[in-house]
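**Student:** run.txt is reproduced in full below (compact mmCIF, C-alpha atoms).
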# COMPACT_ATOMS: atom_id res chain seq x y z
CA MET A 27 -21.24 -17.02 -23.45
CA ASN A 28 -23.97 -19.24 -22.07
CA SER A 29 -21.41 -21.85 -21.00
CA LYS A 30 -19.39 -19.12 -19.26
CA PHE A 31 -22.45 -18.13 -17.20
CA LYS A 32 -23.07 -21.79 -16.39
CA SER A 33 -19.50 -22.25 -15.21
CA ILE A 34 -19.91 -19.30 -12.83
CA ALA A 35 -23.16 -20.68 -11.48
CA GLN A 36 -21.80 -24.19 -11.19
CA ASN A 37 -20.06 -25.85 -8.28
CA ASN A 38 -17.37 -24.08 -6.35
CA LYS A 39 -14.29 -25.29 -8.16
CA ASN A 40 -11.80 -22.79 -6.79
CA LEU A 41 -11.58 -23.82 -3.15
CA HIS A 42 -7.80 -24.14 -3.04
CA THR A 43 -7.17 -20.89 -4.93
CA ILE A 44 -9.54 -18.97 -2.67
CA ARG A 45 -8.03 -20.53 0.45
CA LEU A 46 -4.49 -19.57 -0.60
CA PHE A 47 -5.62 -16.05 -1.51
CA ARG A 48 -7.41 -15.62 1.81
CA ILE A 49 -4.36 -16.79 3.78
CA LEU A 50 -2.08 -14.36 1.89
CA LEU A 51 -4.58 -11.51 2.31
CA TYR A 52 -4.70 -12.07 6.07
CA CYS A 53 -0.90 -12.32 6.21
CA TRP A 54 -0.73 -8.91 4.50
CA PHE A 55 -3.13 -7.40 7.07
CA LEU A 56 -1.13 -8.94 9.91
CA ILE A 57 2.20 -7.60 8.64
CA TYR A 58 0.93 -4.16 7.56
CA TYR A 59 -1.06 -3.15 10.63
CA ASN A 60 1.42 -4.63 13.11
CA THR A 61 4.35 -2.87 11.43
CA LEU A 62 2.52 0.43 11.70
CA ALA A 63 1.49 -0.41 15.27
CA PHE A 64 5.11 0.15 16.36
CA ASN A 65 4.19 3.83 16.11
CA VAL A 66 0.49 3.49 16.79
CA ASP A 67 -0.03 7.03 18.14
CA PHE A 68 1.60 8.62 15.12
CA PHE A 69 -0.79 6.94 12.68
CA TRP A 70 -4.01 6.47 14.68
CA GLY A 71 -3.56 8.24 18.01
CA LYS A 72 -5.61 11.12 19.33
CA ASN A 73 -2.76 13.55 18.62
CA SER A 74 -1.81 12.08 15.25
CA PHE A 75 -0.75 14.58 12.57
CA ILE A 76 -3.47 13.15 10.33
CA PRO A 77 -6.53 15.36 10.87
CA LYS A 78 -9.65 13.63 12.12
CA SER A 79 -11.87 15.43 9.64
CA THR A 80 -10.61 13.23 6.82
CA ILE A 81 -12.42 10.28 8.36
CA GLU A 82 -15.69 11.91 7.25
CA LEU A 83 -14.67 11.21 3.67
CA PHE A 84 -15.23 7.57 4.42
CA PHE A 85 -18.21 7.14 6.67
CA GLY A 86 -18.62 10.15 8.90
CA ASN A 87 -20.33 9.47 12.17
CA SER A 88 -21.81 6.09 11.32
CA ILE A 89 -21.72 3.29 13.87
CA PHE A 90 -19.26 1.43 11.64
CA ASN A 91 -16.63 4.07 12.27
CA LEU A 92 -14.98 2.41 15.26
CA PHE A 93 -13.00 5.57 16.07
CA ASN A 94 -16.29 7.13 17.20
CA TYR A 95 -16.03 5.01 20.33
CA PRO A 96 -13.93 6.67 23.08
CA LEU A 97 -12.20 3.38 24.00
CA ILE A 98 -10.81 3.04 20.46
CA GLU A 99 -10.19 6.75 19.98
CA ASN A 100 -8.08 6.91 23.13
CA ASN A 101 -6.43 3.47 22.74
CA PRO A 102 -6.11 2.61 19.03
CA LEU A 103 -3.84 -0.29 19.97
CA VAL A 104 -6.98 -2.06 21.21
CA LEU A 105 -8.26 -2.13 17.64
CA ILE A 106 -4.97 -3.54 16.31
CA ILE A 107 -5.04 -6.25 18.97
CA ALA A 108 -8.68 -7.00 18.12
CA LEU A 109 -7.70 -7.27 14.45
CA ASP A 110 -4.82 -9.59 15.33
CA VAL A 111 -7.19 -11.83 17.28
CA LEU A 112 -9.68 -11.87 14.38
CA LEU A 113 -6.90 -12.74 11.93
CA MET A 114 -5.43 -15.47 14.13
CA VAL A 115 -8.86 -17.05 14.59
CA SER A 116 -9.44 -16.73 10.85
CA PHE A 117 -6.32 -18.77 10.07
CA PHE A 118 -7.92 -21.68 11.93
CA LYS A 119 -11.47 -20.96 10.75
CA LEU A 120 -10.91 -20.08 7.12
CA LYS A 121 -14.41 -21.19 6.15
CA ASN A 122 -16.14 -18.81 8.56
CA ARG A 123 -18.33 -16.23 6.78
CA ILE A 124 -18.59 -13.68 9.62
CA LEU A 125 -14.87 -13.15 10.21
CA PRO A 126 -14.16 -11.61 6.75
CA ILE A 127 -16.96 -9.08 7.40
CA LEU A 128 -15.55 -8.14 10.82
CA ILE A 129 -12.03 -7.89 9.41
CA TYR A 130 -13.30 -5.63 6.63
CA PHE A 131 -14.93 -3.16 9.00
CA VAL A 132 -11.98 -3.07 11.40
CA THR A 133 -9.50 -2.41 8.58
CA LEU A 134 -11.85 0.16 7.03
CA SER A 135 -11.91 2.12 10.30
CA LEU A 136 -8.13 1.94 10.64
CA ASP A 137 -7.64 3.09 7.04
CA ALA A 138 -10.16 5.89 7.37
CA ARG A 139 -8.33 7.28 10.40
CA SER A 140 -4.94 7.10 8.66
CA TYR A 141 -6.24 8.52 5.37
CA TYR A 142 -3.00 10.30 4.44
CA ILE A 143 -0.93 7.13 4.28
CA LEU A 144 -3.14 5.15 1.89
CA ASP A 145 -1.81 4.34 -1.55
CA GLY A 146 -2.95 2.29 -4.53
CA GLY A 147 -2.07 -0.91 -2.68
CA ASN A 148 -4.36 -0.03 0.22
CA ASN A 149 -7.19 0.76 -2.17
CA LEU A 150 -6.76 -2.52 -3.99
CA ILE A 151 -6.58 -4.54 -0.77
CA SER A 152 -9.74 -2.81 0.44
CA LEU A 153 -11.54 -3.95 -2.72
CA PHE A 154 -10.15 -7.47 -2.26
CA SER A 155 -11.59 -7.44 1.26
CA VAL A 156 -15.03 -6.77 -0.20
CA PHE A 157 -14.68 -9.71 -2.60
CA ASN A 158 -13.31 -11.80 0.26
CA MET A 159 -16.62 -11.43 2.11
CA PHE A 160 -18.35 -13.27 -0.74
CA PHE A 161 -15.75 -16.03 -1.15
CA SER A 162 -17.00 -19.40 0.01
CA LEU A 163 -14.86 -22.32 1.10
CA ASP A 164 -17.81 -24.63 1.74
CA LYS A 165 -17.99 -27.89 -0.14
CA ASP A 166 -20.95 -28.13 -2.48
CA LYS A 167 -24.26 -29.57 -1.43
CA GLU A 168 -27.30 -30.02 -3.63
CA THR A 169 -29.21 -27.15 -2.05
CA PRO A 170 -30.26 -23.77 -3.50
CA ILE A 171 -28.27 -21.92 -0.78
CA SER A 172 -25.13 -23.87 -1.59
CA LEU A 173 -25.62 -23.08 -5.29
CA LEU A 174 -26.09 -19.38 -4.49
CA ASN A 175 -22.94 -19.45 -2.31
CA SER A 176 -20.91 -21.04 -5.08
CA THR A 177 -22.23 -18.61 -7.68
CA LEU A 178 -21.42 -15.59 -5.52
CA SER A 179 -18.01 -16.98 -4.70
CA ASN A 180 -17.14 -17.73 -8.32
CA LEU A 181 -18.48 -14.36 -9.43
CA SER A 182 -16.42 -12.56 -6.76
CA LEU A 183 -13.30 -14.39 -7.84
CA LEU A 184 -13.91 -13.42 -11.45
CA MET A 185 -14.55 -9.77 -10.48
CA ALA A 186 -11.38 -9.67 -8.36
CA LYS A 187 -9.40 -10.92 -11.39
CA ILE A 188 -11.06 -8.35 -13.65
CA GLN A 189 -10.28 -5.64 -11.08
CA VAL A 190 -6.55 -6.49 -11.27
CA CYS A 191 -6.72 -6.44 -15.07
CA ILE A 192 -8.48 -3.05 -15.05
CA VAL A 193 -5.79 -1.65 -12.76
CA TYR A 194 -3.05 -2.79 -15.14
CA PHE A 195 -4.90 -1.64 -18.24
CA ILE A 196 -5.61 1.84 -16.86
CA ALA A 197 -2.07 2.18 -15.48
CA GLY A 198 -0.51 1.08 -18.79
CA HIS A 199 -2.87 3.13 -20.96
CA SER A 200 -2.34 6.31 -18.90
CA LYS A 201 1.41 5.81 -18.97
CA LEU A 202 1.29 5.52 -22.74
CA ALA A 203 -0.39 8.92 -22.91
CA GLY A 204 2.30 10.56 -20.76
CA ASP A 205 5.44 12.07 -22.33
CA LEU A 206 7.96 10.68 -19.86
CA TRP A 207 6.85 7.06 -20.29
CA SER A 208 6.68 7.42 -24.07
CA ASN A 209 10.23 8.74 -24.32
CA GLY A 210 11.47 6.15 -21.81
CA THR A 211 12.87 8.53 -19.18
CA ALA A 212 10.15 7.98 -16.55
CA LEU A 213 12.23 5.60 -14.44
CA TYR A 214 15.11 8.10 -14.31
CA TYR A 215 12.82 10.79 -12.84
CA THR A 216 11.19 8.47 -10.32
CA LEU A 217 14.46 6.95 -9.16
CA SER A 218 15.96 10.43 -8.73
CA VAL A 219 13.48 11.32 -5.99
CA SER A 220 14.85 10.35 -2.57
CA GLU A 221 11.43 9.41 -1.16
CA VAL A 222 10.99 6.60 -3.68
CA SER A 223 14.57 5.57 -4.30
CA LEU A 224 17.85 4.66 -2.64
CA ASN A 225 20.87 6.97 -2.55
CA SER A 226 22.97 4.35 -4.35
CA VAL A 227 20.31 3.99 -7.07
CA ARG A 228 20.07 7.80 -7.43
CA ASP A 229 23.81 7.86 -8.10
CA ILE A 230 23.63 4.94 -10.54
CA VAL A 231 20.85 6.44 -12.71
CA LYS A 232 22.99 9.54 -13.16
CA ILE A 233 25.88 7.67 -14.73
CA ILE A 234 24.59 4.54 -16.46
CA HIS A 235 23.99 4.33 -20.19
CA PRO A 236 20.47 5.59 -21.11
CA ILE A 237 19.60 2.20 -22.60
CA PHE A 238 19.49 0.73 -19.07
CA ILE A 239 16.89 3.34 -18.13
CA VAL A 240 14.85 3.31 -21.33
CA LEU A 241 14.59 -0.47 -21.84
CA PRO A 242 13.21 -1.30 -18.34
CA ALA A 243 10.69 1.55 -18.75
CA TYR A 244 9.44 0.12 -22.05
CA PHE A 245 9.42 -3.40 -20.60
CA LEU A 246 7.26 -2.16 -17.71
CA LEU A 247 4.92 -0.43 -20.13
CA ALA A 248 4.65 -3.55 -22.31
CA PHE A 249 4.04 -5.69 -19.23
CA GLN A 250 1.22 -3.48 -17.93
CA LEU A 251 -0.47 -3.23 -21.32
CA SER A 252 -0.25 -6.95 -22.05
CA PHE A 253 -1.12 -8.23 -18.58
CA PRO A 254 -4.94 -7.95 -18.97
CA TRP A 255 -4.74 -10.28 -21.99
CA LEU A 256 -1.81 -12.62 -21.45
CA ILE A 257 -2.69 -13.53 -17.85
CA TRP A 258 -5.75 -15.46 -19.06
CA PHE A 259 -3.74 -17.91 -21.24
CA LYS A 260 -2.13 -20.85 -19.50
CA SER A 261 0.93 -20.73 -21.78
CA THR A 262 1.82 -17.11 -20.88
CA ARG A 263 0.44 -16.95 -17.33
CA LYS A 264 3.54 -18.27 -15.57
CA PHE A 265 5.79 -15.77 -17.33
CA MET A 266 3.44 -12.87 -16.51
CA ILE A 267 3.31 -13.86 -12.84
CA PHE A 268 7.10 -14.26 -12.68
CA ALA A 269 7.74 -10.93 -14.45
CA GLY A 270 5.14 -9.16 -12.31
CA SER A 271 6.60 -10.56 -9.10
CA VAL A 272 10.10 -9.39 -10.08
CA ILE A 273 8.77 -5.91 -10.97
CA HIS A 274 6.75 -5.53 -7.77
CA LEU A 275 9.45 -6.88 -5.48
CA GLY A 276 11.75 -4.37 -7.16
CA ILE A 277 9.20 -1.64 -6.45
CA SER A 278 9.05 -2.85 -2.85
CA PHE A 279 12.75 -2.76 -2.15
CA ILE A 280 14.20 -0.18 -4.55
CA MET A 281 11.36 2.33 -4.46
CA GLY A 282 10.44 1.48 -0.89
CA LEU A 283 6.74 0.98 -1.65
CA THR A 284 6.97 -2.25 0.32
CA PHE A 285 3.33 -2.94 1.10
CA PHE A 286 2.12 -1.84 -2.34
CA GLY A 287 4.43 -4.35 -4.03
CA TYR A 288 3.20 -7.19 -1.83
CA VAL A 289 -0.45 -6.43 -2.66
CA LEU A 290 0.14 -6.93 -6.38
CA CYS A 291 2.15 -10.11 -5.72
CA ILE A 292 -0.78 -11.43 -3.65
CA SER A 293 -3.21 -10.55 -6.43
CA TYR A 294 -1.44 -12.93 -8.82
CA CYS A 295 -2.54 -15.94 -6.80
CA LEU A 296 -6.13 -15.19 -7.93
CA PHE A 297 -5.05 -16.36 -11.38
CA TYR A 298 -3.48 -19.63 -10.25
CA ASP A 299 -5.06 -22.82 -11.53
CA GLU A 300 -6.72 -24.97 -8.92
CA ALA A 301 -4.39 -27.85 -9.91
CA ASP A 302 -1.29 -25.68 -9.42
CA VAL A 303 -2.43 -24.62 -5.95
CA LYS A 304 -3.16 -28.24 -5.02
CA LEU A 305 0.34 -29.22 -6.15
CA PHE A 306 1.82 -26.33 -4.18
CA GLU A 307 -0.17 -27.34 -1.09
CA SER A 308 0.90 -30.98 -1.31
CA ARG A 309 4.54 -29.89 -1.66
CA MET A 310 4.18 -27.62 1.36
CA LYS A 311 2.60 -30.46 3.33
CA ALA A 312 5.45 -32.80 2.37
CA PHE A 313 7.98 -30.12 3.35
CA TYR A 314 6.21 -29.58 6.67
CA SER A 315 6.15 -33.28 7.48
CA LYS A 316 9.87 -33.44 6.71
CA LEU A 317 10.41 -30.53 9.09
CA LYS A 318 8.36 -32.30 11.76
CA ILE A 319 10.56 -35.35 11.48
CA LEU A 320 13.73 -33.28 11.41
CA PHE A 321 12.87 -31.38 14.55
CA HIS A 322 11.06 -34.29 16.24
CA LEU A 323 7.93 -32.26 16.74
CA TYR A 324 6.00 -35.48 17.16
CA PRO A 325 7.31 -38.81 18.49
CA GLN A 326 7.90 -41.18 15.59
CA LYS A 327 7.28 -44.90 15.75
CA PHE A 328 10.28 -47.00 14.79
CA ASP A 329 8.16 -49.31 12.68
CA ASP A 330 6.61 -46.42 10.72
CA PRO A 331 7.87 -47.09 7.16
CA ILE A 332 7.21 -43.53 5.90
CA SER A 333 8.98 -41.72 8.69
CA THR A 334 12.01 -44.02 8.71
CA ASN A 335 12.33 -43.64 4.96
CA GLU A 336 12.17 -39.90 5.36
CA ILE A 337 14.93 -39.95 7.99
CA LEU A 338 17.16 -42.18 5.90
CA MET B 23 -20.24 3.89 -5.06
CA THR B 24 -18.65 6.87 -3.38
CA PRO B 25 -17.23 7.40 -0.86
CA MET B 26 -16.39 3.81 0.18
CA PHE B 27 -15.57 2.37 -3.21
CA LEU B 28 -14.29 5.45 -4.96
CA GLN B 29 -11.83 4.51 -7.68
CA ARG B 30 -9.47 7.13 -8.95
CA TRP B 31 -7.77 6.21 -12.17
CA GLN B 32 -4.61 8.03 -11.09
CA LEU B 33 -3.94 5.37 -8.44
CA PHE B 34 -1.12 3.60 -10.22
CA ALA B 35 1.24 6.37 -11.29
CA PRO B 36 0.13 7.31 -14.80
CA GLU B 37 2.76 10.03 -14.59
CA PRO B 38 5.94 9.24 -12.70
CA GLN B 39 6.84 11.11 -9.57
CA THR B 40 9.31 13.74 -10.76
CA SER B 41 9.39 15.90 -7.65
CA GLN B 42 8.85 15.78 -3.93
CA ILE B 43 6.99 18.23 -1.76
CA LYS B 44 8.46 19.00 1.61
CA ILE B 45 7.47 21.03 4.60
CA TRP B 46 10.41 22.96 6.07
CA TYR B 47 9.93 24.64 9.41
CA ARG B 48 11.70 26.77 11.97
CA CYS B 49 10.86 27.72 15.51
CA GLU B 50 11.56 30.83 17.56
CA SER B 51 12.55 30.68 21.20
CA SER B 52 13.82 33.35 23.57
CA SER B 53 17.28 32.81 22.07
CA GLY B 54 16.12 33.42 18.48
CA TRP B 55 15.10 31.38 15.43
CA THR B 56 16.36 27.85 14.86
CA ASN B 57 17.66 26.77 11.45
CA TRP B 58 15.16 25.52 8.85
CA LYS B 59 14.46 21.81 9.33
CA ASP B 60 12.96 19.07 7.21
CA PRO B 61 10.91 16.73 9.45
CA THR B 62 11.16 13.88 6.92
CA PHE B 63 14.96 13.96 6.56
CA GLU B 64 15.68 11.43 9.33
CA ILE B 65 12.59 9.36 8.45
CA ILE B 66 13.64 9.00 4.79
CA LYS B 67 17.15 8.04 5.92
CA LYS B 68 15.70 5.28 8.11
CA HIS B 69 13.29 4.24 5.35
CA GLN B 70 16.23 3.75 3.01
CA GLN B 71 17.93 1.56 5.63
CA TYR B 72 14.89 -0.47 6.72
CA ARG B 73 12.49 -1.13 3.87
CA LEU B 74 10.25 -3.33 6.02
CA GLY B 75 9.49 -0.70 8.65
CA TYR B 76 6.77 1.93 8.95
CA TYR B 77 9.03 4.81 7.90
CA GLY B 78 7.79 4.96 4.31
CA LYS B 79 4.23 5.46 5.53
CA ALA B 80 5.41 8.04 8.09
CA VAL B 81 6.75 10.19 5.22
CA TYR B 82 3.24 10.06 3.67
CA VAL B 83 1.83 11.82 6.75
CA PHE B 84 3.92 14.95 6.17
CA ASN B 85 3.49 14.69 2.40
CA GLY B 86 -0.26 14.36 2.80
CA ALA B 87 -0.46 17.61 4.78
CA ALA B 88 1.86 19.40 2.31
CA ARG B 89 0.01 18.15 -0.76
CA GLU B 90 -3.39 19.05 0.68
CA LEU B 91 -2.20 22.60 1.41
CA LEU B 92 -0.57 22.97 -2.00
CA ASN B 93 -3.71 21.78 -3.77
CA SER B 94 -5.93 24.20 -1.85
CA ASN B 95 -5.66 27.05 -4.37
CA LEU B 96 -2.87 29.21 -2.95
CA ASP B 97 -3.30 32.35 -5.07
CA ASN B 98 -2.49 35.88 -3.87
CA GLU B 99 -6.06 36.51 -2.68
CA SER B 100 -6.27 33.35 -0.57
CA MET B 101 -2.79 33.94 0.89
CA LYS B 102 -4.17 37.12 2.52
CA GLU B 103 -6.65 35.05 4.51
CA ILE B 104 -4.52 31.96 4.85
CA ASP B 105 -5.42 31.49 8.54
CA LEU B 106 -8.95 30.62 7.47
CA LYS B 107 -7.92 27.66 5.36
CA LYS B 108 -8.35 24.36 7.19
CA GLU B 109 -5.39 22.90 5.29
CA TYR B 110 -3.17 25.70 6.59
CA VAL B 111 -4.50 25.34 10.14
CA ASN B 112 -3.77 21.61 10.05
CA THR B 113 -0.20 22.08 8.80
CA GLU B 114 0.37 24.80 11.38
CA LYS B 115 -0.77 22.39 14.12
CA ILE B 116 1.82 19.87 12.92
CA ILE B 117 4.56 22.52 12.99
CA VAL B 118 3.57 23.71 16.47
CA SER B 119 3.80 20.09 17.70
CA LEU B 120 7.22 19.67 16.08
CA CYS B 121 8.47 22.93 17.61
CA ALA B 122 7.14 21.95 21.04
CA ARG B 123 9.14 18.73 20.67
CA ASP B 124 12.33 20.46 19.44
CA ILE B 125 12.50 23.41 21.85
CA LYS B 126 10.89 23.78 25.22
CA LYS B 127 8.90 26.97 24.84
CA PRO B 128 8.44 28.12 21.25
CA ILE B 129 7.17 31.68 20.91
CA ALA B 130 6.66 31.61 17.14
CA THR B 131 6.78 29.15 14.24
CA GLN B 132 7.10 29.42 10.48
CA PHE B 133 6.99 26.92 7.65
CA SER B 134 7.54 26.72 3.90
CA LEU B 135 6.39 24.35 1.21
CA VAL B 136 9.36 23.31 -0.89
CA ILE B 137 9.05 21.51 -4.21
CA LEU B 138 12.23 19.72 -5.23
CA SER B 139 12.16 18.62 -8.86
CA ALA B 140 14.50 16.03 -10.31
CA LYS B 141 17.05 17.34 -12.79
CA ASN B 142 16.19 17.07 -16.47
CA PHE B 143 17.34 13.81 -18.04
CA SER B 144 19.77 15.67 -20.31
CA GLN B 145 21.39 17.36 -17.27
CA ARG B 146 21.54 14.24 -15.10
CA LYS B 147 25.36 14.05 -15.05
CA GLU B 148 25.69 17.52 -13.55
CA LYS B 149 26.44 17.92 -9.85
CA GLY B 150 23.60 17.58 -7.33
CA TYR B 151 20.30 15.75 -7.42
CA TYR B 152 17.77 18.50 -7.94
CA GLY B 153 16.92 20.83 -10.79
CA LYS B 154 14.21 23.40 -10.17
CA ILE B 155 13.49 24.24 -6.53
CA THR B 156 10.29 26.14 -5.75
CA ARG B 157 9.71 27.55 -2.29
CA LEU B 158 6.55 29.05 -0.88
CA ASN B 159 6.95 30.79 2.49
CA PHE B 160 4.04 31.12 4.88
CA PRO B 161 3.79 33.93 7.44
CA GLU B 162 5.28 33.65 10.92
CA SER B 163 2.80 32.52 13.49
CA LYS B 164 3.02 33.85 17.07
CA MET B 165 1.93 31.54 19.89
Before anything else, please render the file you have as structure tokens.

**Tutor:**
Amino acid sequence: MNSKFKSIAQNNKNLHTIRLFRILLYCWFLIYYNTLAFNVDFFWGKNSFIPKSTIELFFGNSIFNLFNYPLIENNPLVLIIALDVLLMVSFFKLKNRILPILIYFVTLSLDARSYYILDGGNNLISLFSVFNMFFSLDKDKETPISLLNSTLSNLSLLMAKIQVCIVYFIAGHSKLAGDLWSNGTALYYTLSVSEVSLNSVRDIVKIIHPIFIVLPAYFLLAFQLSFPWLIWFKSTRKFMIFAGSVIHLGISFIMGLTFFGYVLCISYCLFYDEADVKLFESRMKAFYSKLKILFHLYPQKFDDPISTNEIL
Amino acid sequence: MTPMFLQRWQLFAPEPQTSQIKIWYRCESSSGWTNWKDPTFEIIKKHQQYRLGYYGKAVYVFNGAARELLNSNLDNESMKEIDLKKEYVNTEKIIVSLCARDIKKPIATQFSLVILSAKNFSQRKEKGYYGKITRLNFPESKM
């Protein structure tokens, strides 16, 4: 136990994992808010069907509620553009500690105004944004502030992982208590509802053998119940991440809960080993340099042995 | 921790979604009442075609209003003073906006909450998608 505490308070050893997670988190924000921005007035406009009173559930008339300012209230697109700028700057300044705070408050205001459309994915990403404020990408120095930074960062990473595990445990445990999950017919009922299904899938679940409905339901249940334990072991982690990604991409495209599915896929990168992320990064760098050569993004010297080898 | 970090344990579908709540509406013009319409019909169709768009979230907007109204204790007593319920007033505003979009000068509007439940598993091979259909009509509203 003591060694566990020491490891949290020790040097920041998760720089690559945190960096990858932060990039994916910002990509999610960029895709989500810009997709919704195609119908900005419907979700955030002055005449949106979402009543303004719901915003009080979040933070009422506080100065942090950016929709209290007439400029934002009348032109919500300004806030989306501001968020885009913050995110684009963040991609180049990933170490910056102020940008995650600004991004958090902008997204909180946007979510509060569009209260009706939030789902579990939005809630989870909002919690990740809180942890993201405490993540540090600074290299360690022998100073008390650096040690405090590292401790907070490591602690936040651990809490974010535990949060994902709690979500799976509660989801799995509650499902186990429900009749429809216990008897294996839950997927049939969900996939029969047009809002969270496809017409072709609705037709298929009517005619296929029950075993193809019951087995995936039990697999999902087993996955959710075992995730909080098996994700911590290196030998089972890769399988859990693969199975989870397949399940959540399925949820994204078959059930149409696109953004929700992506959130859970992003959350898996919290569990990646630092070494795995480093390997992934070096492969991406090698791939990018190959692309650069292929498309002649930079002039190559003829006597450069690496680039000529790459071309040949 | 509330309200900013409120965690509800029902977030991740402990019980599967077995039904959908819809708002159906109709509008009255000088030439009479229109047919009943489902504002999410076209949106769901588009959502099924384009999974990467905003359509899925647009359905939530109507569902959110419907669910809020349905959860606001709609017993016989409260139905007598339904105009005083903020959930009803909000849904009515939505319907008035939809009618103003559909016909030029609506003189009255009306809406219903419709709960479409999936057919029981044992009856899944029978014709149609839905089993029990529950409909709750709200009074006509003059403009």

**Student:** What is the CA of Val66 (chain A)-CA of Ile143 (chain A) distance in Å, reported with one decimal?

**Tutor:** 13.1 Å

**Student:** For a quick check of understanding, using all atoms listed in the file, which of B:Gln42, B:Asp105, B:Pro128, B:Val118 has the smallest distance to Tyr82 (chain B)?

**Tutor:**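 Closest to Tyr82 (chain B) of all the choices is B:Gln42.
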
**Student:** Compile the contact shell of region 223-237 of chain A as a PyMOL selection string: residues with an atom at most 8 Å away, counting all atoms listed in the file, same-chain residues fewer than 4 positions apart removed.

**Tutor:** (chain A and resi 214+216-219+241+280-282) or (chain B and resi 70+146-147+151)

**Student:** Restrict the selected residues to C-alpha atoms and save them as a PDB file, in the coordinates of the input.

**Tutor:**
ATOM      1  CA  TYR A 214      15.110   8.100 -14.310  1.00  0.00           C
ATOM      2  CA  THR A 216      11.190   8.470 -10.320  1.00  0.00           C
ATOM      3  CA  LEU A 217      14.460   6.950  -9.160  1.00  0.00           C
ATOM      4  CA  SER A 218      15.960  10.430  -8.730  1.00  0.00           C
ATOM      5  CA  VAL A 219      13.480  11.320  -5.990  1.00  0.00           C
ATOM      6  CA  LEU A 241      14.590  -0.470 -21.840  1.00  0.00           C
ATOM      7  CA  ILE A 280      14.200  -0.180  -4.550  1.00  0.00           C
ATOM      8  CA  MET A 281      11.360   2.330  -4.460  1.00  0.00           C
ATOM      9  CA  GLY A 282      10.440   1.480  -0.890  1.00  0.00           C
TER      10      GLY A 282
ATOM     11  CA  GLN B  70      16.230   3.750   3.010  1.00  0.00           C
ATOM     12  CA  ARG B 146      21.540  14.240 -15.100  1.00  0.00           C
ATOM     13  CA  LYS B 147      25.360  14.050 -15.050  1.00  0.00           C
ATOM     14  CA  TYR B 151      20.300  15.750  -7.420  1.00  0.00           C
TER      15      TYR B 151
END

**Student:** Restricting the calculation to only C-alpha atoms: of B:Gln71, B:Asn98, B:Ser51, B:Gln132, which residue gets closest to chain A?

**Tutor:**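 Residue with the minimum atom-to-atom distance to chain A: B:Gln71.
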
**Student:** By how many Å are CA of Asn148 (chain A) and CA of Val303 (chain A) apart?

**Tutor:**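 Value for the CA of Asn148 (chain A)-CA of Val303 (chain A) distance: 25.4 Å.
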
**Student:** Kindly indicate which residue among B:Ile43, B:His69, B:Ala122, B:Tyr76 lies nearest to Asn93 (chain B), using all atoms listed in the file for the distances.

**Tutor:**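 Of all the options, B:Ile43 lies closest to Asn93 (chain B).
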
**Student:** One decimal, Å: what's the distance from CA of Ile129 (chain A) over to CA of Met114 (chain A), could you say?

**Tutor:**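 Interatomic distance here is 11.1 Å.
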
**Student:** Residues within 10 Å of Lys108 (chain B), please, as a VMD selection string. Count only C-alpha atoms; anything in the same chain fewer than 4 positions from it doesn't count.

**Tutor:** (chain A and resid 77 79) or (chain B and resid 90 to 91 94 104 112 to 114)

**Student:** Which polymer residues have any atom within 12 Å of an atom of Lys79 (chain B), counting all atoms listed in the file, with same-chain residues fewer than 3 positions away left out, as an MDAnalysis selection string?

**Tutor:** (chainID A and resid 58:59 61:63 65 68:69 76 140:145 148 221:222 282:286) or (chainID B and resid 62 65:66 68:69 73:76 82:86)

**Student:** Can you pull out every residue within 12 Å of Asn100 (chain A), counting only C-alpha atoms, but drop anything in the same chain fewer than 2 positions away, and send it as a PyMOL selection string?

**Tutor:** chain A and resi 66-67+70-74+92-98+102-105

**Student:** Can you find the residues with an atom no farther than 10 Å from (1.1, -8.5, -2.2), counting all atoms listed in the file, and report them as a ChimeraX atom specification?

**Tutor:** /A:50-51,53-54,147,151,271,274-275,278,284-295
